[in-house]
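Just target.tsv here, TSV, N, CA and C atoms:
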```
chain	number	residue	atom	x	y	z
A	27	MET	N	114.83	71.23	94.60
A	27	MET	CA	114.49	72.36	93.76
A	27	MET	C	113.51	71.89	92.69
A	28	PHE	N	112.52	72.70	92.45
A	28	PHE	CA	111.50	72.38	91.46
A	28	PHE	C	111.85	73.01	90.12
A	29	ILE	N	111.57	72.29	89.06
A	29	ILE	CA	111.75	72.82	87.72
A	29	ILE	C	110.36	73.08	87.14
A	30	LEU	N	110.12	74.32	86.77
A	30	LEU	CA	108.81	74.72	86.27
A	30	LEU	C	108.85	74.89	84.76
A	31	ASN	N	107.80	74.45	84.10
A	31	ASN	CA	107.71	74.69	82.67
A	31	ASN	C	107.19	76.12	82.44
A	32	LYS	N	107.11	76.55	81.18
A	32	LYS	CA	106.71	77.93	80.87
A	32	LYS	C	105.32	78.25	81.39
A	33	LYS	N	104.38	77.30	81.25
A	33	LYS	CA	103.01	77.55	81.70
A	33	LYS	C	102.96	77.72	83.22
A	34	GLU	N	103.71	76.89	83.93
A	34	GLU	CA	103.73	76.99	85.40
A	34	GLU	C	104.38	78.30	85.84
A	35	LYS	N	105.44	78.72	85.16
A	35	LYS	CA	106.09	79.99	85.49
A	35	LYS	C	105.13	81.16	85.28
A	36	LYS	N	104.39	81.10	84.16
A	36	LYS	CA	103.44	82.17	83.86
A	36	LYS	C	102.34	82.21	84.93
A	37	MET	N	101.82	81.05	85.33
A	37	MET	CA	100.78	80.99	86.36
A	37	MET	C	101.32	81.51	87.70
A	38	LYS	N	102.55	81.20	88.01
A	38	LYS	CA	103.17	81.67	89.25
A	38	LYS	C	103.25	83.20	89.25
A	39	LYS	N	103.66	83.77	88.11
A	39	LYS	CA	103.74	85.23	88.00
A	39	LYS	C	102.36	85.86	88.12
A	40	ILE	N	101.36	85.25	87.48
A	40	ILE	CA	100.00	85.78	87.55
A	40	ILE	C	99.48	85.73	88.98
A	41	ASN	N	99.72	84.61	89.67
A	41	ASN	CA	99.29	84.49	91.07
A	41	ASN	C	99.97	85.52	91.95
A	42	LEU	N	101.26	85.73	91.74
A	42	LEU	CA	101.99	86.73	92.52
A	42	LEU	C	101.44	88.13	92.27
A	43	LEU	N	101.16	88.45	91.01
A	43	LEU	CA	100.60	89.77	90.69
A	43	LEU	C	99.22	89.94	91.32
A	44	LEU	N	98.41	88.88	91.31
A	44	LEU	CA	97.10	88.97	91.95
A	44	LEU	C	97.22	89.20	93.45
A	45	ILE	N	98.14	88.50	94.09
A	45	ILE	CA	98.33	88.67	95.53
A	45	ILE	C	98.80	90.09	95.84
A	46	LEU	N	99.79	90.57	95.09
A	46	LEU	CA	100.30	91.92	95.34
A	46	LEU	C	99.23	92.97	95.05
A	47	SER	N	98.41	92.76	94.02
A	47	SER	CA	97.32	93.68	93.73
A	47	SER	C	96.31	93.71	94.86
A	48	LEU	N	95.98	92.52	95.38
A	48	LEU	CA	95.03	92.43	96.49
A	48	LEU	C	95.57	93.16	97.72
A	49	VAL	N	96.85	92.95	98.02
A	49	VAL	CA	97.47	93.64	99.16
A	49	VAL	C	97.41	95.15	98.95
A	50	ALA	N	97.70	95.60	97.73
A	50	ALA	CA	97.67	97.04	97.44
A	50	ALA	C	96.26	97.61	97.61
A	51	VAL	N	95.26	96.89	97.13
A	51	VAL	CA	93.87	97.34	97.26
A	51	VAL	C	93.47	97.39	98.72
A	52	LEU	N	93.79	96.34	99.46
A	52	LEU	CA	93.44	96.31	100.87
A	52	LEU	C	94.13	97.43	101.63
A	53	PHE	N	95.40	97.66	101.31
A	53	PHE	CA	96.16	98.68	102.03
A	53	PHE	C	95.61	100.08	101.74
A	54	THR	N	95.21	100.35	100.52
A	54	THR	CA	94.71	101.69	100.19
A	54	THR	C	93.31	101.91	100.72
A	55	ASN	N	92.55	100.86	101.01
A	55	ASN	CA	91.20	101.01	101.51
A	55	ASN	C	91.13	100.96	103.04
A	56	CYS	N	92.26	100.82	103.68
A	56	CYS	CA	92.27	100.70	105.13
A	56	CYS	C	92.37	102.06	105.78
A	57	GLY	N	92.20	102.07	107.11
A	57	GLY	CA	92.39	103.30	107.85
A	57	GLY	C	93.79	103.83	107.63
A	58	LYS	N	93.94	105.10	107.63
A	58	LYS	CA	95.24	105.72	107.42
A	58	LYS	C	95.62	106.49	108.67
A	59	PRO	N	96.93	106.59	108.94
A	59	PRO	CA	97.32	107.34	110.13
A	59	PRO	C	97.03	108.82	109.95
A	60	ASN	N	96.60	109.46	111.04
A	60	ASN	CA	96.41	110.90	110.97
A	60	ASN	C	97.76	111.58	111.21
A	61	ASN	N	97.77	112.88	111.33
A	61	ASN	CA	99.02	113.62	111.48
A	61	ASN	C	99.75	113.28	112.78
A	62	ASP	N	99.05	112.73	113.75
A	62	ASP	CA	99.68	112.36	115.02
A	62	ASP	C	100.22	110.94	115.00
A	63	GLY	N	100.11	110.21	113.87
A	63	GLY	CA	100.62	108.86	113.79
A	63	GLY	C	99.67	107.81	114.33
A	64	GLU	N	98.42	108.18	114.59
A	64	GLU	CA	97.43	107.22	115.08
A	64	GLU	C	96.65	106.64	113.91
A	65	TYR	N	96.36	105.35	113.99
A	65	TYR	CA	95.47	104.72	113.03
A	65	TYR	C	94.07	104.77	113.62
A	66	GLN	N	93.16	105.43	112.93
A	66	GLN	CA	91.79	105.51	113.41
A	66	GLN	C	90.93	104.55	112.61
A	67	ILE	N	90.31	103.60	113.32
A	67	ILE	CA	89.45	102.62	112.68
A	67	ILE	C	88.19	102.44	113.53
A	68	SER	N	87.21	101.80	112.97
A	68	SER	CA	85.97	101.51	113.68
A	68	SER	C	86.00	100.08	114.19
A	69	ILE	N	85.05	99.76	115.05
A	69	ILE	CA	84.91	98.38	115.52
A	69	ILE	C	84.61	97.50	114.31
A	70	ASN	N	85.27	96.38	114.23
A	70	ASN	CA	85.19	95.39	113.14
A	70	ASN	C	85.81	95.86	111.82
A	71	GLU	N	86.38	97.05	111.79
A	71	GLU	CA	87.11	97.49	110.59
A	71	GLU	C	88.51	96.90	110.65
A	72	THR	N	89.05	96.55	109.48
A	72	THR	CA	90.39	95.99	109.43
A	72	THR	C	91.36	96.97	108.79
A	73	ILE	N	92.62	96.79	109.13
A	73	ILE	CA	93.69	97.60	108.56
A	73	ILE	C	94.89	96.69	108.37
A	74	ASP	N	95.59	96.86	107.25
A	74	ASP	CA	96.79	96.09	106.97
A	74	ASP	C	98.00	97.01	107.10
A	75	ILE	N	99.02	96.52	107.77
A	75	ILE	CA	100.27	97.25	107.92
A	75	ILE	C	101.38	96.41	107.31
A	76	GLU	N	102.15	97.01	106.40
A	76	GLU	CA	103.25	96.33	105.72
A	76	GLU	C	104.57	96.70	106.37
A	77	LEU	N	105.39	95.68	106.61
A	77	LEU	CA	106.70	95.87	107.22
A	77	LEU	C	107.75	95.12	106.42
A	78	ALA	N	108.87	95.76	106.13
A	78	ALA	CA	109.97	95.08	105.45
A	78	ALA	C	110.47	93.94	106.33
A	79	SER	N	110.75	92.80	105.71
A	79	SER	CA	111.16	91.62	106.46
A	79	SER	C	111.98	90.70	105.56
A	80	ASN	N	112.78	89.85	106.19
A	80	ASN	CA	113.53	88.85	105.44
A	80	ASN	C	113.63	87.59	106.28
A	81	TRP	N	112.69	86.68	106.07
A	81	TRP	CA	112.63	85.47	106.88
A	81	TRP	C	113.84	84.56	106.67
A	82	SER	N	114.53	84.70	105.54
A	82	SER	CA	115.68	83.83	105.30
A	82	SER	C	116.82	84.10	106.28
A	83	THR	N	116.79	85.24	106.97
A	83	THR	CA	117.80	85.57	107.97
A	83	THR	C	117.44	85.06	109.36
A	84	GLY	N	116.23	84.54	109.48
A	84	GLY	CA	115.75	84.10	110.80
A	84	GLY	C	114.99	85.19	111.54
A	85	TYR	N	114.94	86.39	110.97
A	85	TYR	CA	114.24	87.50	111.61
A	85	TYR	C	112.80	87.59	111.10
A	86	SER	N	111.91	87.96	111.99
A	86	SER	CA	110.54	88.29	111.62
A	86	SER	C	109.98	89.20	112.71
A	87	TRP	N	108.77	89.70	112.47
A	87	TRP	CA	108.13	90.64	113.39
A	87	TRP	C	107.31	89.87	114.43
A	88	TYR	N	107.41	90.29	115.70
A	88	TYR	CA	106.66	89.69	116.80
A	88	TYR	C	105.90	90.78	117.56
A	89	TRP	N	104.64	90.50	117.85
A	89	TRP	CA	103.81	91.42	118.63
A	89	TRP	C	104.09	91.10	120.10
A	90	VAL	N	104.83	91.98	120.76
A	90	VAL	CA	105.34	91.67	122.10
A	90	VAL	C	104.42	92.11	123.24
A	91	ASN	N	103.45	92.99	122.98
A	91	ASN	CA	102.56	93.41	124.07
A	91	ASN	C	101.11	92.98	123.81
A	92	LYS	N	100.94	91.89	123.07
A	92	LYS	CA	99.60	91.42	122.69
A	92	LYS	C	98.72	91.16	123.92
A	93	ASN	N	99.28	90.61	124.98
A	93	ASN	CA	98.49	90.30	126.18
A	93	ASN	C	97.97	91.54	126.89
A	94	ASP	N	98.57	92.70	126.61
A	94	ASP	CA	98.16	93.95	127.25
A	94	ASP	C	97.18	94.76	126.40
A	95	VAL	N	96.87	94.28	125.20
A	95	VAL	CA	96.04	95.03	124.26
A	95	VAL	C	94.71	94.32	124.04
A	96	SER	N	93.60	95.06	124.24
A	96	SER	CA	92.28	94.47	124.00
A	96	SER	C	91.45	95.28	122.99
A	97	VAL	N	91.97	96.43	122.58
A	97	VAL	CA	91.23	97.32	121.68
A	97	VAL	C	91.28	96.81	120.24
A	98	VAL	N	92.42	96.22	119.83
A	98	VAL	CA	92.58	95.62	118.51
A	98	VAL	C	93.11	94.20	118.66
A	99	ASP	N	92.98	93.43	117.60
A	99	ASP	CA	93.54	92.08	117.56
A	99	ASP	C	94.03	91.81	116.14
A	100	THR	N	94.82	90.76	115.98
A	100	THR	CA	95.28	90.39	114.65
A	100	THR	C	94.34	89.38	114.04
A	101	LEU	N	94.11	89.53	112.76
A	101	LEU	CA	93.40	88.51	111.99
A	101	LEU	C	94.40	87.53	111.41
A	102	LYS	N	95.53	88.08	110.95
A	102	LYS	CA	96.58	87.24	110.38
A	102	LYS	C	97.81	88.09	110.14
A	103	SER	N	98.92	87.40	109.93
A	103	SER	CA	100.11	88.04	109.40
A	103	SER	C	100.68	87.09	108.36
A	104	VAL	N	101.06	87.65	107.23
A	104	VAL	CA	101.59	86.83	106.14
A	104	VAL	C	102.90	87.43	105.65
A	105	TYR	N	103.75	86.55	105.13
A	105	TYR	CA	105.03	86.96	104.55
A	105	TYR	C	104.93	86.83	103.04
A	106	ILE	N	105.28	87.89	102.33
A	106	ILE	CA	105.22	87.89	100.88
A	106	ILE	C	106.59	88.26	100.33
A	107	VAL	N	107.10	87.43	99.45
A	107	VAL	CA	108.34	87.72	98.75
A	107	VAL	C	108.05	87.60	97.26
A	108	ASP	N	108.50	88.59	96.48
A	108	ASP	CA	108.10	88.63	95.07
A	108	ASP	C	109.17	88.12	94.11
A	109	THR	N	110.03	87.27	94.60
A	109	THR	CA	111.08	86.71	93.75
A	109	THR	C	111.42	85.30	94.23
A	110	THR	N	112.08	84.57	93.38
A	110	THR	CA	112.52	83.23	93.78
A	110	THR	C	113.98	83.24	94.20
A	111	LYS	N	114.61	84.41	94.25
A	111	LYS	CA	116.01	84.51	94.66
A	111	LYS	C	116.16	84.16	96.13
A	112	ILE	N	117.12	83.33	96.42
A	112	ILE	CA	117.39	82.93	97.80
A	112	ILE	C	117.91	84.13	98.57
A	113	GLY	N	117.35	84.36	99.76
A	113	GLY	CA	117.80	85.44	100.62
A	113	GLY	C	117.19	86.79	100.32
A	114	ALA	N	116.24	86.84	99.39
A	114	ALA	CA	115.63	88.12	99.02
A	114	ALA	C	114.71	88.64	100.12
A	115	GLU	N	114.66	89.96	100.25
A	115	GLU	CA	113.78	90.60	101.22
A	115	GLU	C	112.34	90.58	100.74
A	116	GLY	N	111.41	90.49	101.66
A	116	GLY	CA	110.00	90.55	101.34
A	116	GLY	C	109.30	91.51	102.28
A	117	ILE	N	108.00	91.31	102.45
A	117	ILE	CA	107.24	92.12	103.40
A	117	ILE	C	106.36	91.22	104.25
A	118	GLU	N	106.15	91.62	105.47
A	118	GLU	CA	105.15	91.00	106.33
A	118	GLU	C	103.95	91.93	106.34
A	119	VAL	N	102.78	91.37	106.12
A	119	VAL	CA	101.55	92.15	106.16
A	119	VAL	C	100.78	91.69	107.39
A	120	TRP	N	100.58	92.60	108.32
A	120	TRP	CA	99.82	92.33	109.55
A	120	TRP	C	98.43	92.92	109.39
A	121	SER	N	97.41	92.09	109.57
A	121	SER	CA	96.02	92.54	109.49
A	121	SER	C	95.45	92.67	110.90
A	122	PHE	N	95.05	93.89	111.24
A	122	PHE	CA	94.46	94.16	112.55
A	122	PHE	C	92.98	94.47	112.40
A	123	ILE	N	92.21	94.19	113.45
A	123	ILE	CA	90.78	94.48	113.47
A	123	ILE	C	90.45	95.22	114.75
A	124	GLY	N	89.57	96.23	114.65
A	124	GLY	CA	89.10	96.95	115.82
A	124	GLY	C	88.14	96.08	116.61
A	125	LYS	N	88.41	95.88	117.90
A	125	LYS	CA	87.58	95.00	118.74
A	125	LYS	C	86.63	95.78	119.64
A	126	LYS	N	87.10	96.89	120.21
A	126	LYS	CA	86.25	97.70	121.08
A	126	LYS	C	86.79	99.12	121.11
A	127	LYS	N	85.95	100.06	121.53
A	127	LYS	CA	86.34	101.47	121.56
A	127	LYS	C	87.50	101.68	122.53
A	128	GLY	N	88.40	102.56	122.12
A	128	GLY	CA	89.52	102.91	122.99
A	128	GLY	C	90.78	103.18	122.19
A	129	LYS	N	91.86	103.40	122.93
A	129	LYS	CA	93.18	103.65	122.34
A	129	LYS	C	94.15	102.61	122.86
A	130	CYS	N	95.13	102.29	122.02
A	130	CYS	CA	96.18	101.36	122.46
A	130	CYS	C	97.42	101.56	121.59
A	131	THR	N	98.51	101.03	122.07
A	131	THR	CA	99.75	101.00	121.32
A	131	THR	C	100.12	99.54	121.09
A	132	VAL	N	100.34	99.19	119.84
A	132	VAL	CA	100.81	97.85	119.47
A	132	VAL	C	102.31	97.96	119.21
A	133	THR	N	103.09	97.14	119.89
A	133	THR	CA	104.54	97.16	119.74
A	133	THR	C	105.00	95.88	119.04
A	134	LEU	N	105.67	96.07	117.90
A	134	LEU	CA	106.22	94.94	117.14
A	134	LEU	C	107.74	95.05	117.17
A	135	LEU	N	108.39	93.91	117.40
A	135	LEU	CA	109.85	93.83	117.38
A	135	LEU	C	110.30	92.95	116.23
A	136	TYR	N	111.33	93.38	115.53
A	136	TYR	CA	111.93	92.59	114.46
A	136	TYR	C	113.13	91.86	115.06
A	137	LYS	N	112.97	90.54	115.25
A	137	LYS	CA	113.99	89.78	115.95
A	137	LYS	C	113.92	88.32	115.56
A	138	ARG	N	114.89	87.58	116.02
A	138	ARG	CA	114.85	86.12	115.89
A	138	ARG	C	114.05	85.58	117.07
A	139	PHE	N	113.36	84.48	116.83
A	139	PHE	CA	112.46	83.91	117.83
A	139	PHE	C	113.13	83.69	119.18
A	140	HIS	N	114.33	83.16	119.18
A	140	HIS	CA	115.00	82.78	120.41
A	140	HIS	C	115.82	83.91	121.05
A	141	ASP	N	115.95	85.05	120.37
A	141	ASP	CA	116.76	86.16	120.89
A	141	ASP	C	115.94	87.12	121.75
A	142	PHE	N	116.59	87.69	122.76
A	142	PHE	CA	115.97	88.73	123.56
A	142	PHE	C	116.24	90.10	122.94
A	143	GLU	N	117.37	90.22	122.24
A	143	GLU	CA	117.69	91.48	121.56
A	143	GLU	C	116.93	91.56	120.25
A	144	TYR	N	116.69	92.78	119.79
A	144	TYR	CA	115.95	92.98	118.56
A	144	TYR	C	116.67	93.96	117.65
A	145	GLU	N	116.38	93.86	116.36
A	145	GLU	CA	116.98	94.71	115.34
A	145	GLU	C	116.19	96.00	115.12
A	146	ASN	N	114.87	95.93	115.30
A	146	ASN	CA	114.03	97.09	115.02
A	146	ASN	C	112.79	97.01	115.91
A	147	LYS	N	112.23	98.18	116.20
A	147	LYS	CA	111.02	98.27	117.02
A	147	LYS	C	110.07	99.25	116.36
A	148	LYS	N	108.80	98.86	116.27
A	148	LYS	CA	107.77	99.75	115.71
A	148	LYS	C	106.60	99.80	116.68
A	149	ASP	N	106.18	101.01	117.02
A	149	ASP	CA	104.99	101.24	117.82
A	149	ASP	C	103.89	101.80	116.93
A	150	PHE	N	102.72	101.18	116.99
A	150	PHE	CA	101.57	101.63	116.21
A	150	PHE	C	100.45	102.04	117.17
A	151	LEU	N	100.00	103.28	117.05
A	151	LEU	CA	98.92	103.79	117.90
A	151	LEU	C	97.59	103.58	117.19
A	152	PHE	N	96.66	102.96	117.88
A	152	PHE	CA	95.32	102.73	117.32
A	152	PHE	C	94.28	103.45	118.15
A	153	LYS	N	93.36	104.08	117.47
A	153	LYS	CA	92.18	104.65	118.12
A	153	LYS	C	90.98	104.01	117.44
A	154	VAL	N	90.21	103.23	118.22
A	154	VAL	CA	89.04	102.55	117.69
A	154	VAL	C	87.82	103.33	118.14
A	155	LYS	N	86.99	103.72	117.17
A	155	LYS	CA	85.81	104.53	117.50
A	155	LYS	C	84.54	103.72	117.32
```

Do you think you could lay out the structure here as structure tokens?
Amino acid sequence: MFILNKKEKKMKKINLLLILSLVAVLFTNCGKPNNDGEYQISINETIDIELASNWSTGYSWYWVNKNDVSVVDTLKSVYIVDTTKIGAEGIEVWSFIGKKKGKCTVTLLYKRFHDFEYENKKDFLFKVK
């Protein structure tokens, strides 16, 4: 366990606020789902999707149909937790990019790496124009 002095704690809080602000800005500037639940983006446009997650339980989100999807791809996925409390829930932010015109469904499962069963399933419809 690390012991932080006041200056280090303040810098940690500032860094966390900057990261959360950046995520908020990116999320509000991304494509938004239309009334049909589709995310409409252009080629090379990115979109961030936030999902509740808690890595301390061994669970995280996995893209299970990635090999079947060519219309979008991931740039990255990151886990953000805004507290130092052990076992606290955070969010996973998945960044997708439009690769070519078309429609696809991205399926994410919330599960443990070694398990076949899952706790949650999310389907995201993308239309790249």

**Asked** Which residues, written as a ChimeraX atom specification, have at least one atom at most 7 Å from stretch 120-133 of chain A, with only C-alpha atoms counted and residues fewer than 4 positions away on the same chain left out?
**Response** /A:67-76,89-91,95,97-104,148-155

**Closest of A:Glu118, A:Tyr65, A:Thr109, A:Lys137 to A:Thr83 - atom-to-atom distances counting all atoms listed in the file** = A:Lys137

**Prompt:** So what do you get for atom C of A:Lys92 versus atom C of A:Ile106, distance-wise?
**Reply:**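 According to the coordinates, atom C of A:Lys92 and atom C of A:Ile106 are separated by 25.0 Å.
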
**Request:** Rank nothing, just name the residue among A:Lys147, A:Ile117, A:Asp94, A:Phe142 nearest to A:Ala78, using all atoms listed in the file.
**Result:** A:Ile117

**Message:** With DSSP run on the backbone, what are the alpha helix (DSSP H) residues within stretch 51-139 of chain A? I'd like them as a ChimeraX atom specification.
**Reply:** /A:51-54

Filtering to N, CA and C atoms, could you give me those residues as a PDB file, in the frame of the given file?
```pdb
ATOM      1  N   VAL A  51      95.260  96.890  97.130  1.00  0.00           N
ATOM      2  CA  VAL A  51      93.870  97.340  97.260  1.00  0.00           C
ATOM      3  C   VAL A  51      93.470  97.390  98.720  1.00  0.00           C
ATOM      4  N   LEU A  52      93.790  96.340  99.460  1.00  0.00           N
ATOM      5  CA  LEU A  52      93.440  96.310 100.870  1.00  0.00           C
ATOM      6  C   LEU A  52      94.130  97.430 101.630  1.00  0.00           C
ATOM      7  N   PHE A  53      95.400  97.660 101.310  1.00  0.00           N
ATOM      8  CA  PHE A  53      96.160  98.680 102.030  1.00  0.00           C
ATOM      9  C   PHE A  53      95.610 100.080 101.740  1.00  0.00           C
ATOM     10  N   THR A  54      95.210 100.350 100.520  1.00  0.00           N
ATOM     11  CA  THR A  54      94.710 101.690 100.190  1.00  0.00           C
ATOM     12  C   THR A  54      93.310 101.910 100.720  1.00  0.00           C
TER      13      THR A  54
END
```

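The nearest approach to A:Asn80 among the residues A:Gly113, A:Ser96, A:Glu64, A:Glu143, with only N, CA and C atoms taken into account, belongs to A:Gly113.
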
**Two-atom distance - atom N of A:Asn146, atom N of A:Ile112 (Å)** =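 One can read the atom N of A:Asn146 to atom N of A:Ile112 distance as 22.8 Å.
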
**Asked** What gap, in Å, lies between atom C of A:Trp81 and atom N of A:Leu135?
**Response**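 Straight-line distance from atom C of A:Trp81 to atom N of A:Leu135 works out to 15.2 Å.
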
**Nearest candidate to A:Ser79 (options A:Glu145, A:Gln66, A:Glu115, A:Tyr136; using only N, CA and C atoms)** =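 Distance minimum relative to A:Ser79 lands on A:Glu115.
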
Will you model N, CA, C and O atoms for stretch 64-78 of chain A and pass it back as a PDB file, keeping the file's coordinate frame?
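Result file follows (part.pdb):
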```pdb
ATOM      1  N   GLU A  64      98.420 108.180 114.590  1.00  0.00           N
ATOM      2  CA  GLU A  64      97.430 107.220 115.080  1.00  0.00           C
ATOM      3  C   GLU A  64      96.650 106.640 113.910  1.00  0.00           C
ATOM      4  O   GLU A  64      96.342 107.343 112.958  1.00  0.00           O
ATOM      5  N   TYR A  65      96.360 105.350 113.990  1.00  0.00           N
ATOM      6  CA  TYR A  65      95.470 104.720 113.030  1.00  0.00           C
ATOM      7  C   TYR A  65      94.070 104.770 113.620  1.00  0.00           C
ATOM      8  O   TYR A  65      93.836 104.233 114.697  1.00  0.00           O
ATOM      9  N   GLN A  66      93.160 105.430 112.930  1.00  0.00           N
ATOM     10  CA  GLN A  66      91.790 105.510 113.410  1.00  0.00           C
ATOM     11  C   GLN A  66      90.930 104.550 112.610  1.00  0.00           C
ATOM     12  O   GLN A  66      90.862 104.655 111.383  1.00  0.00           O
ATOM     13  N   ILE A  67      90.310 103.600 113.320  1.00  0.00           N
ATOM     14  CA  ILE A  67      89.450 102.620 112.680  1.00  0.00           C
ATOM     15  C   ILE A  67      88.190 102.440 113.530  1.00  0.00           C
ATOM     16  O   ILE A  67      88.142 102.892 114.677  1.00  0.00           O
ATOM     17  N   SER A  68      87.210 101.800 112.970  1.00  0.00           N
ATOM     18  CA  SER A  68      85.970 101.510 113.680  1.00  0.00           C
ATOM     19  C   SER A  68      86.000 100.080 114.190  1.00  0.00           C
ATOM     20  O   SER A  68      86.838  99.270 113.784  1.00  0.00           O
ATOM     21  N   ILE A  69      85.050  99.760 115.050  1.00  0.00           N
ATOM     22  CA  ILE A  69      84.910  98.380 115.520  1.00  0.00           C
ATOM     23  C   ILE A  69      84.610  97.500 114.310  1.00  0.00           C
ATOM     24  O   ILE A  69      83.814  97.853 113.446  1.00  0.00           O
ATOM     25  N   ASN A  70      85.270  96.380 114.230  1.00  0.00           N
ATOM     26  CA  ASN A  70      85.190  95.390 113.140  1.00  0.00           C
ATOM     27  C   ASN A  70      85.810  95.860 111.820  1.00  0.00           C
ATOM     28  O   ASN A  70      85.778  95.125 110.843  1.00  0.00           O
ATOM     29  N   GLU A  71      86.380  97.050 111.790  1.00  0.00           N
ATOM     30  CA  GLU A  71      87.110  97.490 110.590  1.00  0.00           C
ATOM     31  C   GLU A  71      88.510  96.900 110.650  1.00  0.00           C
ATOM     32  O   GLU A  71      89.105  96.764 111.715  1.00  0.00           O
ATOM     33  N   THR A  72      89.050  96.550 109.480  1.00  0.00           N
ATOM     34  CA  THR A  72      90.390  95.990 109.430  1.00  0.00           C
ATOM     35  C   THR A  72      91.360  96.970 108.790  1.00  0.00           C
ATOM     36  O   THR A  72      90.969  97.855 108.036  1.00  0.00           O
ATOM     37  N   ILE A  73      92.620  96.790 109.130  1.00  0.00           N
ATOM     38  CA  ILE A  73      93.690  97.600 108.560  1.00  0.00           C
ATOM     39  C   ILE A  73      94.890  96.690 108.370  1.00  0.00           C
ATOM     40  O   ILE A  73      95.164  95.830 109.198  1.00  0.00           O
ATOM     41  N   ASP A  74      95.590  96.860 107.250  1.00  0.00           N
ATOM     42  CA  ASP A  74      96.790  96.090 106.970  1.00  0.00           C
ATOM     43  C   ASP A  74      98.000  97.010 107.100  1.00  0.00           C
ATOM     44  O   ASP A  74      98.001  98.120 106.565  1.00  0.00           O
ATOM     45  N   ILE A  75      99.020  96.520 107.770  1.00  0.00           N
ATOM     46  CA  ILE A  75     100.270  97.250 107.920  1.00  0.00           C
ATOM     47  C   ILE A  75     101.380  96.410 107.310  1.00  0.00           C
ATOM     48  O   ILE A  75     101.525  95.233 107.636  1.00  0.00           O
ATOM     49  N   GLU A  76     102.150  97.010 106.400  1.00  0.00           N
ATOM     50  CA  GLU A  76     103.250  96.330 105.720  1.00  0.00           C
ATOM     51  C   GLU A  76     104.570  96.700 106.370  1.00  0.00           C
ATOM     52  O   GLU A  76     104.849  97.871 106.615  1.00  0.00           O
ATOM     53  N   LEU A  77     105.390  95.680 106.610  1.00  0.00           N
ATOM     54  CA  LEU A  77     106.700  95.870 107.220  1.00  0.00           C
ATOM     55  C   LEU A  77     107.750  95.120 106.420  1.00  0.00           C
ATOM     56  O   LEU A  77     107.553  93.935 106.082  1.00  0.00           O
ATOM     57  N   ALA A  78     108.870  95.760 106.130  1.00  0.00           N
ATOM     58  CA  ALA A  78     109.970  95.080 105.450  1.00  0.00           C
ATOM     59  C   ALA A  78     110.470  93.940 106.330  1.00  0.00           C
ATOM     60  O   ALA A  78     110.566  94.077 107.551  1.00  0.00           O
TER      61      ALA A  78
END
```
